[in-house]
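Raw contents of final_0.cif, mmCIF, C-alpha atoms:
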data_coords
#
loop_
_atom_site.label_atom_id
_atom_site.label_comp_id
_atom_site.auth_asym_id
_atom_site.auth_seq_id
_atom_site.Cartn_x
_atom_site.Cartn_y
_atom_site.Cartn_z
CA MET A 242 139.42 99.62 116.18
CA ASN A 243 138.84 101.44 112.92
CA ILE A 244 136.08 98.98 112.06
CA ASP A 245 134.38 99.66 115.40
CA HIS A 246 134.32 103.40 114.69
CA LYS A 247 132.85 102.80 111.24
CA ASP A 248 130.27 100.47 112.68
CA MET A 249 129.33 102.96 115.35
CA ALA A 250 129.05 105.78 112.78
CA TYR A 251 126.81 103.58 110.60
CA ARG A 252 124.55 102.80 113.55
CA ILE A 253 124.28 106.44 114.60
CA VAL A 254 123.49 107.64 111.09
CA GLY A 255 120.98 104.79 110.68
CA LEU A 256 119.25 105.58 113.97
CA VAL A 257 119.07 109.29 113.13
CA GLY A 258 117.58 108.43 109.72
CA LEU A 259 115.02 106.12 111.30
CA ALA A 260 114.13 108.72 113.92
CA LEU A 261 113.62 111.35 111.21
CA LEU A 262 111.42 109.00 109.19
CA LEU A 263 109.45 108.08 112.28
CA GLY A 264 108.98 111.77 113.10
CA LEU A 265 107.76 112.41 109.55
CA VAL A 266 105.29 109.53 109.78
CA LEU A 267 103.93 110.68 113.13
CA TRP A 268 103.65 114.24 111.84
CA ALA A 269 101.88 113.06 108.69
CA HIS A 270 99.40 111.00 110.70
CA GLN A 271 98.55 113.62 113.30
CA PRO A 272 94.93 114.73 113.14
CA ARG A 273 94.36 117.68 110.82
CA GLY A 274 90.75 118.42 111.56
CA SER A 275 87.99 116.03 110.66
CA ALA A 276 84.67 115.81 108.90
CA THR A 277 83.55 118.23 111.59
CA PRO A 278 86.24 120.89 111.31
CA ALA A 279 87.63 122.50 114.41
CA HIS A 280 87.38 126.12 113.34
CA ASP A 281 84.48 128.08 112.07
CA HIS A 282 83.90 127.08 108.48
CA ALA A 283 80.58 128.85 108.39
CA ASP A 284 82.63 131.92 107.63
CA PRO A 285 84.28 131.39 104.24
CA ALA A 286 86.45 134.44 104.80
CA HIS A 287 88.22 132.35 107.39
CA HIS A 288 90.12 130.69 104.56
CA ARG A 289 91.45 133.82 102.96
CA HIS A 290 94.68 133.54 104.87
CA ALA A 291 95.46 130.03 103.74
CA VAL A 292 94.94 129.81 100.01
CA SER A 293 97.40 127.28 98.70
CA GLY A 294 95.61 126.29 95.53
CA LYS A 295 96.52 127.17 91.99
CA PRO A 296 94.75 130.23 90.63
CA LEU A 297 91.93 129.45 88.21
CA ASP A 298 91.95 131.15 84.83
CA ALA A 299 88.67 132.65 83.69
CA GLU A 300 88.58 130.68 80.43
CA ARG A 301 88.81 127.39 82.29
CA ALA A 302 86.23 128.43 84.85
CA ASP A 303 83.73 129.03 82.03
CA THR A 304 84.04 125.45 80.79
CA LEU A 305 83.31 123.86 84.20
CA THR A 306 79.99 123.30 85.91
CA PRO A 307 79.62 122.42 89.61
CA SER A 308 79.48 118.69 90.45
CA GLY A 309 76.32 117.12 91.92
CA GLN A 310 73.13 118.97 92.79
CA ALA A 311 72.35 121.95 95.00
CA GLU A 312 69.74 120.97 97.60
CA ASN A 313 68.54 123.54 100.17
CA GLY A 314 71.74 125.54 99.90
CA VAL A 315 73.98 122.47 100.19
CA ARG A 316 75.84 120.99 97.23
CA VAL A 317 75.39 117.21 97.38
CA VAL A 318 77.96 115.24 95.40
CA ASP A 319 78.36 111.46 94.98
CA TYR A 320 82.11 111.14 95.40
CA ASP A 321 83.82 107.79 94.83
CA ALA A 322 87.33 106.69 95.73
CA PHE A 323 89.14 103.82 94.05
CA GLN A 324 92.68 102.53 93.55
CA TYR A 325 94.13 105.10 92.71
CA GLY A 326 91.91 108.10 92.15
CA PHE A 327 88.66 109.91 92.83
CA ASP A 328 85.49 110.32 90.81
CA PRO A 329 84.48 112.98 89.87
CA ASP A 330 87.91 114.46 89.30
CA PRO A 331 87.99 117.41 89.52
CA LEU A 332 85.35 117.93 92.17
CA VAL A 333 83.85 121.27 91.14
CA VAL A 334 82.17 123.48 93.74
CA ARG A 335 81.39 127.17 94.20
CA ALA A 336 83.33 129.43 96.56
CA GLY A 337 81.99 129.51 100.09
CA GLU A 338 79.18 127.00 99.59
CA ARG A 339 78.47 124.08 101.93
CA VAL A 340 79.38 120.78 100.28
CA ARG A 341 78.07 117.35 101.32
CA LEU A 342 80.08 114.45 99.90
CA GLN A 343 78.26 111.11 99.67
CA LEU A 344 81.36 108.98 99.93
CA LYS A 345 81.80 105.48 98.62
CA SER A 346 84.79 103.24 98.02
CA ARG A 347 84.73 101.08 94.92
CA ASP A 348 87.38 98.67 96.17
CA VAL A 349 89.46 98.88 99.35
CA SER A 350 89.37 101.29 102.31
CA HIS A 351 90.32 104.85 101.39
CA GLY A 352 90.23 108.28 102.93
CA VAL A 353 89.59 111.77 101.61
CA MET A 354 91.67 114.67 102.80
CA ILE A 355 91.34 118.27 101.61
CA PRO A 356 93.92 120.13 103.68
CA GLU A 357 92.75 123.55 102.53
CA VAL A 358 89.47 123.18 104.43
CA ASP A 359 90.76 120.91 107.22
CA PHE A 360 88.58 118.12 105.90
CA SER A 361 89.57 114.53 106.49
CA THR A 362 87.50 111.39 106.77
CA ASP A 363 87.91 107.70 106.07
CA ILE A 364 85.76 105.61 103.73
CA PRO A 365 85.46 102.01 104.89
CA THR A 366 84.83 99.38 102.23
CA GLY A 367 81.21 98.67 101.43
CA GLU A 368 79.81 101.61 103.37
CA ARG A 369 78.39 104.85 102.10
CA LYS A 370 78.82 107.82 104.35
CA ALA A 371 78.18 111.53 104.16
CA ALA A 372 80.51 114.27 105.31
CA GLU A 373 80.35 118.03 104.94
CA PHE A 374 82.69 120.97 104.60
CA VAL A 375 82.55 124.56 103.44
CA ALA A 376 84.38 125.34 100.22
CA PRO A 377 87.20 127.93 100.32
CA ALA A 378 86.26 131.52 99.64
CA GLU A 379 89.00 131.93 97.04
CA PRO A 380 88.40 130.40 93.60
CA GLY A 381 91.22 128.12 92.54
CA GLU A 382 92.36 124.55 92.25
CA TYR A 383 93.10 122.63 95.46
CA PRO A 384 94.61 119.19 95.98
CA VAL A 385 92.65 116.22 97.34
CA PHE A 386 94.54 113.30 98.90
CA CYS A 387 93.79 109.80 100.07
CA SER A 388 94.43 109.75 103.82
CA VAL A 389 94.31 105.99 104.40
CA PHE A 390 97.04 103.71 103.05
CA CYS A 391 95.26 101.84 100.27
CA GLY A 392 98.01 100.13 98.31
CA SER A 393 101.39 100.82 96.84
CA GLY A 394 99.99 103.57 94.62
CA HIS A 395 98.60 105.39 97.66
CA GLY A 396 101.30 108.04 97.41
CA ASP A 397 100.13 108.89 93.91
CA MET A 398 96.42 108.95 94.71
CA THR A 399 95.61 112.61 94.36
CA GLY A 400 92.60 114.42 93.04
CA ARG A 401 91.62 118.04 92.51
CA MET A 402 88.91 120.30 93.82
CA VAL A 403 88.14 123.24 91.57
CA VAL A 404 86.47 126.16 93.32
CA LEU A 405 84.51 128.42 90.97
CA PRO A 406 83.59 132.01 91.89
CA ALA A 407 80.45 132.28 94.02
CA GLU A 408 77.20 132.85 92.15
CA LEU A 409 76.07 136.44 92.28
CA MET B 262 138.29 84.01 112.70
CA ASN B 263 137.48 80.36 113.27
CA LEU B 264 134.47 78.44 111.97
CA ASN B 265 132.54 78.66 115.25
CA GLU B 266 132.91 82.45 115.34
CA MET B 267 131.80 82.72 111.71
CA ASN B 268 128.74 80.58 112.41
CA ALA B 269 127.93 82.69 115.45
CA ILE B 270 128.05 85.88 113.34
CA ARG B 271 125.94 84.24 110.65
CA LYS B 272 123.34 83.30 113.26
CA LEU B 273 123.39 86.82 114.68
CA LYS B 274 122.80 88.27 111.25
CA ASN B 275 120.08 85.77 110.29
CA PRO B 276 117.04 87.97 109.89
CA LYS B 277 114.47 85.22 109.47
CA THR B 278 113.26 84.86 113.05
CA PRO B 279 112.99 88.62 113.80
CA LEU B 280 111.34 89.15 110.40
CA LEU B 281 108.80 86.45 111.15
CA ILE B 282 108.08 88.08 114.50
CA LEU B 283 107.62 91.44 112.75
CA LEU B 284 105.25 89.91 110.18
CA ALA B 285 103.29 88.23 112.97
CA ALA B 286 103.03 91.54 114.82
CA LEU B 287 101.82 93.29 111.66
CA ALA B 288 99.26 90.52 111.10
CA ILE B 289 97.95 90.92 114.67
CA PHE B 290 97.84 94.70 114.23
CA GLY B 291 95.93 94.32 110.95
CA LEU B 292 93.53 91.79 112.44
CA VAL B 293 92.81 93.67 115.66
CA GLY B 294 92.52 97.14 114.19
CA GLY B 295 90.37 96.41 111.15
CA HIS B 296 87.35 94.75 109.62
CA ASP B 297 87.03 91.34 107.94
CA VAL B 298 88.99 89.41 110.56
CA SER B 299 87.84 85.97 109.37
CA LEU B 300 88.56 86.84 105.72
CA LYS B 301 92.04 88.07 106.63
CA LEU B 302 92.75 84.93 108.62
CA ALA B 303 91.55 82.80 105.71
CA ILE B 304 93.87 84.57 103.26
CA LEU B 305 96.81 84.39 105.65
CA GLY B 306 96.19 80.70 106.35
CA THR B 307 95.79 79.90 102.66
CA SER B 308 99.02 81.56 101.60
CA LEU B 309 101.05 80.19 104.51
CA THR B 310 99.83 76.65 103.87
CA ALA B 311 100.40 76.93 100.14
CA ALA B 312 103.94 78.25 100.63
CA MET B 313 104.87 75.50 103.10
CA LEU B 314 103.42 72.76 100.91
CA ALA B 315 105.16 74.12 97.84
CA GLU B 316 108.45 74.24 99.74
CA TRP B 317 107.99 70.63 100.81
CA ALA B 318 106.99 69.50 97.31
CA LEU B 319 109.83 71.29 95.54
CA PHE B 320 112.65 70.95 98.05
CA GLY B 321 111.84 67.59 99.66
CA ALA B 322 113.10 67.38 103.23
CA VAL B 323 112.60 70.81 104.73
CA PRO B 324 115.08 72.12 107.32
CA LEU B 325 113.88 74.77 109.76
CA ALA B 326 115.61 77.66 107.96
CA VAL B 327 113.90 76.77 104.67
CA LEU B 328 110.56 76.44 106.42
CA GLN B 329 111.09 79.89 107.94
CA SER B 330 111.82 81.32 104.53
CA ALA B 331 108.63 79.72 103.15
CA ALA B 332 106.67 81.19 106.06
CA ILE B 333 108.11 84.64 105.29
CA SER B 334 107.15 84.46 101.60
CA GLY B 335 103.72 83.02 102.43
CA GLY B 336 103.23 85.56 105.21
CA ILE B 337 104.07 88.52 102.96
CA VAL B 338 101.67 87.23 100.29
CA GLY B 339 98.97 86.77 102.95
CA LEU B 340 99.45 90.29 104.31
CA LEU B 341 99.11 91.83 100.86
CA VAL B 342 96.20 89.96 99.25
CA ALA B 343 92.85 91.67 99.83
CA PRO B 344 90.59 89.88 102.34
CA GLY B 345 87.76 88.21 100.44
CA ALA B 346 89.84 87.72 97.29
CA ASP B 347 89.56 84.43 95.42
CA PRO B 348 91.63 81.95 97.49
CA ARG B 349 93.12 80.69 94.21
CA PHE B 350 94.83 84.07 93.89
CA ALA B 351 96.62 83.70 97.24
CA TRP B 352 97.31 80.02 96.60
CA THR B 353 98.84 80.69 93.17
CA ALA B 354 100.89 83.65 94.40
CA ALA B 355 102.38 81.65 97.30
CA VAL B 356 103.18 78.59 95.16
CA LEU B 357 104.73 80.73 92.42
CA ALA B 358 106.77 82.61 95.02
CA ILE B 359 108.33 79.38 96.27
CA ALA B 360 108.71 77.93 92.77
CA SER B 361 110.55 81.05 91.59
CA LYS B 362 113.19 80.46 94.28
CA LYS B 363 113.90 77.03 92.89
CA LEU B 364 113.45 77.59 89.17
CA LEU B 365 114.52 81.16 88.43
CA VAL B 366 118.10 81.43 89.66
CA PHE B 367 121.27 83.16 88.51
CA HIS B 368 124.29 80.99 87.85
CA GLU B 369 125.66 81.96 91.28
CA GLY B 370 122.72 80.03 92.79
CA LYS B 371 120.82 83.02 94.18
CA HIS B 372 117.23 83.39 93.03
CA ILE B 373 116.58 86.21 90.59
CA PHE B 374 113.33 87.71 91.84
CA ASN B 375 111.91 88.62 95.20
CA PRO B 376 109.71 85.54 95.66
CA ALA B 377 106.59 87.23 97.07
CA ALA B 378 106.72 90.05 94.49
CA PHE B 379 107.12 87.54 91.64
CA GLY B 380 104.23 85.37 92.85
CA LEU B 381 101.93 88.33 93.34
CA VAL B 382 102.71 90.01 90.00
CA VAL B 383 102.19 86.79 88.01
CA SER B 384 98.97 86.05 89.94
CA MET B 385 97.77 89.57 89.16
CA MET B 386 98.37 88.89 85.48
CA ILE B 387 96.24 85.74 85.73
CA PHE B 388 93.44 86.86 88.07
CA GLY B 389 93.57 90.67 88.00
CA ASN B 390 94.57 92.93 90.89
CA ARG B 391 93.56 91.52 94.28
CA ILE B 392 96.09 93.31 96.49
CA ASN B 393 95.30 95.88 99.17
CA TRP B 394 98.35 95.65 101.52
CA TRP B 395 96.16 95.14 104.61
CA GLY B 396 99.25 94.12 106.62
CA ASN B 397 100.69 97.61 106.22
CA THR B 398 98.60 99.02 109.04
CA SER B 399 101.32 100.30 111.33
CA ALA B 400 103.97 102.50 109.77
CA VAL B 401 105.59 102.89 113.20
CA LEU B 402 105.95 99.13 113.64
CA VAL B 403 107.37 98.77 110.13
CA ILE B 404 109.93 101.54 110.65
CA VAL B 405 111.02 100.53 114.14
CA GLY B 406 110.94 96.75 113.64
CA GLY B 407 112.12 96.71 110.05
CA GLY B 408 114.66 99.48 110.69
CA LEU B 409 116.35 97.62 113.53
CA ILE B 410 116.53 94.39 111.50
CA LEU B 411 118.00 96.28 108.54
CA MET B 412 120.51 98.10 110.70
CA ARG B 413 121.85 94.75 111.84
CA LEU B 414 121.89 93.51 108.24
CA ARG B 415 123.54 96.76 107.08
CA ARG B 416 120.83 97.31 104.51
CA LEU B 417 119.26 100.55 105.73
CA SER B 418 120.47 102.45 102.66
CA LEU B 419 117.97 100.54 100.51
CA PRO B 420 114.71 101.83 102.03
CA PHE B 421 116.18 105.32 102.47
CA ALA B 422 117.20 105.51 98.79
CA TYR B 423 113.79 104.25 97.70
CA PHE B 424 112.01 106.66 100.05
CA ILE B 425 113.94 109.69 98.78
CA ALA B 426 113.53 108.79 95.09
CA ARG B 427 109.84 107.96 95.46
CA THR B 428 109.00 111.10 97.45
CA ALA B 429 110.93 113.25 94.96
CA GLY B 430 108.96 111.62 92.13
CA ILE B 431 105.64 112.34 93.85
CA VAL B 432 106.62 115.97 94.46
CA LEU B 433 107.79 116.50 90.88
CA LEU B 434 104.92 114.77 89.13
CA THR B 435 101.98 115.78 91.28
CA SER B 436 103.26 119.35 91.67
CA ILE B 437 102.45 119.44 95.37
CA ASN B 438 104.86 120.91 97.85
CA ALA B 439 107.27 118.76 99.82
CA GLY B 440 105.46 119.34 103.10
CA ARG B 441 102.24 117.95 101.72
CA ALA B 442 104.04 115.10 99.96
CA ALA B 443 104.85 113.82 103.44
CA LEU B 444 101.14 113.10 103.80
CA LEU B 445 101.43 110.72 100.86
CA LEU B 446 104.05 108.48 102.38
CA PRO B 447 105.46 105.94 99.98
CA ASN B 448 104.90 102.27 100.70
CA LEU B 449 106.97 101.62 103.82
CA PHE B 450 106.06 97.92 104.08
CA PHE B 451 107.47 97.52 100.58
CA ALA B 452 110.60 99.54 101.41
CA PHE B 453 111.46 97.94 104.75
CA ILE B 454 110.33 94.36 104.16
CA MET B 455 110.23 93.47 100.47
CA LEU B 456 112.87 95.61 98.78
CA VAL B 457 115.58 94.49 101.19
CA GLU B 458 115.41 90.71 100.76
CA PRO B 459 119.10 89.72 101.22
CA LYS B 460 119.36 87.30 98.30
CA THR B 461 117.86 89.61 95.70
CA SER B 462 119.30 92.94 96.79
CA PRO B 463 122.92 94.15 96.87
CA GLY B 464 125.01 94.01 100.03
CA LYS B 465 127.40 96.90 99.37
CA ARG B 466 126.24 100.35 100.34
CA PRO B 467 126.86 102.25 97.06
CA GLU B 468 124.98 99.51 95.19
CA GLN B 469 122.16 99.72 97.73
CA TRP B 470 121.71 103.45 97.10
CA ILE B 471 121.60 102.92 93.34
CA PHE B 472 119.34 99.84 93.60
CA GLY B 473 116.86 101.56 95.94
CA GLY B 474 116.96 104.81 93.97
CA ILE B 475 116.31 103.11 90.63
CA CYS B 476 113.46 101.15 92.21
CA GLY B 477 111.85 104.38 93.46
CA ILE B 478 112.23 106.10 90.10
CA LEU B 479 110.86 103.09 88.20
CA ALA B 480 107.88 102.75 90.54
CA THR B 481 106.97 106.41 90.05
CA THR B 482 107.38 106.02 86.28
CA PHE B 483 105.15 102.92 86.22
CA TYR B 484 102.39 104.66 88.19
CA HIS B 485 102.41 107.93 86.29
CA PHE B 486 103.24 106.99 82.73
CA ALA B 487 102.02 103.41 82.41
CA SER B 488 99.16 103.43 84.96
CA VAL B 489 100.40 100.14 86.38
CA PHE B 490 98.44 99.04 89.47
CA GLU B 491 101.30 97.73 91.56
CA GLY B 492 104.20 99.74 90.21
CA ASP B 493 106.33 99.09 93.30
CA LEU B 494 106.26 95.33 92.79
CA LEU B 495 106.98 95.61 89.08
CA ALA B 496 109.84 98.03 89.77
CA LEU B 497 111.28 95.58 92.28
CA LEU B 498 111.25 92.72 89.76
CA THR B 499 112.98 94.98 87.23
CA VAL B 500 115.79 95.98 89.60
CA ASN B 501 116.12 92.34 90.72
CA LEU B 502 116.85 91.47 87.11
CA LEU B 503 119.31 94.35 86.76
CA ARG B 504 121.22 93.54 89.97
CA PRO B 505 124.08 91.45 88.48
CA TRP B 506 124.65 94.04 85.74
CA LEU B 507 124.69 96.79 88.36
CA THR B 508 127.22 94.90 90.48
CA ILE B 509 129.50 94.34 87.47
CA ARG B 510 129.27 98.00 86.38
CA LEU B 511 130.08 99.30 89.86
CA ALA B 512 132.96 96.86 90.27
CA ALA B 513 134.36 97.99 86.90
CA LEU B 514 134.04 101.64 87.95
CA GLN B 515 135.87 100.97 91.21
CA ASP B 516 138.62 99.10 89.34
CA ASN B 517 139.02 102.06 86.97
CA LYS B 518 139.28 104.44 89.90
CA ARG B 519 141.88 102.26 91.61
CA THR B 520 143.93 101.94 88.40
CA SER B 521 143.88 105.67 87.69
CA SER B 522 144.85 106.56 91.26
#

Can you present the structure in this file as structure tokens?
Amino acid sequence: MNIDHKDMAYRIVGLVGLALLLGLVLWAHQPRGSATPAHDHADPAHHRHAVSGKPLDAERADTLTPSGQAENGVRVVDYDAFQYGFDPDPLVVRAGERVRLQLKSRDVSHGVMIPEVDFSTDIPTGERKAAEFVAPAEPGEYPVFCSVFCGSGHGDMTGRMVVLPAEL
Amino acid sequence: MNLNEMNAIRKLKNPKTPLLILLAALAIFGLVGGHDVSLKLAILGTSLTAAMLAEWALFGAVPLAVLQSAAISGGIVGLLVAPGADPRFAWTAAVLAIASKKLLVFHEGKHIFNPAAFGLVVSMMIFGNRINWWGNTSAVLVIVGGGLILMRLRRLSLPFAYFIARTAGIVLLTSINAGRAALLLPNLFFAFIMLVEPKTSPGKRPEQWIFGGICGILATTFYHFASVFEGDLLALLTVNLLRPWLTIRLAALQDNKRTSS
């Protein structure tokens, strides 16, 4: 009888653990915006409430230049993903500017997710695609993740986006 | 308990058929929901054939259970190798996986290494990295299917220990908060299907927690400090090798406790 109780307790704890893990997975995979964000990113001030990046020290900001080229008010950056990282890393942009990433995967399918600006898009193998977002208004350093499972190092595939102060 | 009852329990706890069904479901999911269907089928077919042939060549007459085990190793290899990779990579990985079961064994008769992990790591050393885990397309299927199989096998502590250690490692080393770390889920296919192979992982729960935890810590270490491509697989081979030592150490600890009490 004692064994039955133990067995039952093991099953209950196991099922609860599995349910929690399943909940976490479903939560992690729920849509968090897209390449066309849901809220108004034309207004950079919209992001002031949600700064979660590291602050950027002035000395460091002086040593960095924005990635890519500015074309008609849009910063165009060739941004590559590979197992397990991004290039360029860090992606350097100016506060509040519109950024167009020309995305390419060097190996397997990847995704790019920048939670701070509700940006998330996948990068299928062998295809180049463009996606846009508006950089946060607050200068700082923000994390970039891979949003598509790409191998056992997927969990460690992080990059950085450095936001420099807007040009005066 | 008589012999018939023991055999019935053994059959009930035999995970091979449900695991094969789970692998087949993952293969279908990966084929239906993605690109490169013909390339994926080619890789899967190559590794399954190679594993079966190797089993036949090395073990002679092949009973159904052994054939199932070859199909599992070949299937795992096929679900991990990137579609379009050199077929020699898949072929070598599958043959080495089966050969390791026969040739690399502890004195107790159990093989030392997880066969698929061994085959893939050695093939990577020969041909370079050709793995993209295309079979890991449905985390839900892996958790539900794998979880239920592991609950029956009483091995659920293994993936949980790995998951906790690996997530903690990601949080500590990438300095992102725990909420966001959930977006970077560790490799669930690895945790629920590879780490838990009954012959190369411990059966007792305290050992399972230590085994899974060490595997998670090692994998994180390999990725961050050694820039190893497939740190999970390498970590698994390392803990496979440490398993007998771990069992002896824990048994000694328990003996000490019993003596002192």

Expected answer as a ChimeraX atom specification: chain A residues within 9 Å of chain B, only C-alpha atoms: /A:251-252,255-256,258-260,262-263,265-270,324-325,348-350,356,365,384,386-388,390-399

The PyMOL selection byres ((chain B and resi 351-365) around 8) applied to the shown file, residues as number ranges by chain: B: 304, 307-309, 311-312, 315-316, 319, 331, 334-335, 338-339, 342, 346-350, 366-367, 372-384

Could you tell me which residues the PyMOL selection byres ((chain A and resi 309-312) around 12) grabs in this file, written as a JSON list (two decimals) with C-alpha atoms, in the frame of the given file?
[["chain", "number", "residue", "atom", "x", "y", "z"],
["A", 306, "THR", "CA", 79.99, 123.30, 85.91],
["A", 307, "PRO", "CA", 79.62, 122.42, 89.61],
["A", 308, "SER", "CA", 79.48, 118.69, 90.45],
["A", 313, "ASN", "CA", 68.54, 123.54, 100.17],
["A", 314, "GLY", "CA", 71.74, 125.54, 99.90],
["A", 315, "VAL", "CA", 73.98, 122.47, 100.19],
["A", 316, "ARG", "CA", 75.84, 120.99, 97.23],
["A", 317, "VAL", "CA", 75.39, 117.21, 97.38],
["A", 318, "VAL", "CA", 77.96, 115.24, 95.40],
["A", 319, "ASP", "CA", 78.36, 111.46, 94.98],
["A", 320, "TYR", "CA", 82.11, 111.14, 95.40],
["A", 328, "ASP", "CA", 85.49, 110.32, 90.81],
["A", 329, "PRO", "CA", 84.48, 112.98, 89.87],
["A", 331, "PRO", "CA", 87.99, 117.41, 89.52],
["A", 332, "LEU", "CA", 85.35, 117.93, 92.17],
["A", 333, "VAL", "CA", 83.85, 121.27, 91.14],
["A", 334, "VAL", "CA", 82.17, 123.48, 93.74],
["A", 335, "ARG", "CA", 81.39, 127.17, 94.20],
["A", 338, "GLU", "CA", 79.18, 127.00, 99.59],
["A", 339, "ARG", "CA", 78.47, 124.08, 101.93],
["A", 340, "VAL", "CA", 79.38, 120.78, 100.28],
["A", 341, "ARG", "CA", 78.07, 117.35, 101.32],
["A", 342, "LEU", "CA", 80.08, 114.45, 99.90],
["A", 343, "GLN", "CA", 78.26, 111.11, 99.67]]

Run the PyMOL selection byres ((chain B and resi 468) around 10) mentally over the shown coordinates, then write out the matched residues as JSON, numbers by chain, using the chain letters and numbers from the document. {"B": [418, 419, 462, 463, 464, 465, 466, 467, 469, 470, 471, 472, 473, 474, 504, 507, 508, 510, 511, 512]}

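Distance-wise, atom CA of A:Val254 and atom CA of B:Ala426 end up 18.9 Å apart.
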
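For the residues A:Leu344, A:Met402, A:Val389, A:Ala371, ranking by smallest atom-to-atom distance to A:Val358 using only C-alpha atoms places A:Met402 first.
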
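Our summary of the geometry notes that atom CA of B:Ala303 is positioned 29.0 Å from atom CA of B:Asn275.
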
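Note that the spacing between atom CA of A:Phe323 and atom CA of B:Lys301 amounts to 20.4 Å.
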
Choose the residue, out of A:Ile364, A:Ala336, A:Ile355, A:Val385, that has the smallest atom-to-atom separation from A:Glu408; count all atoms listed in the file. A:Ala336
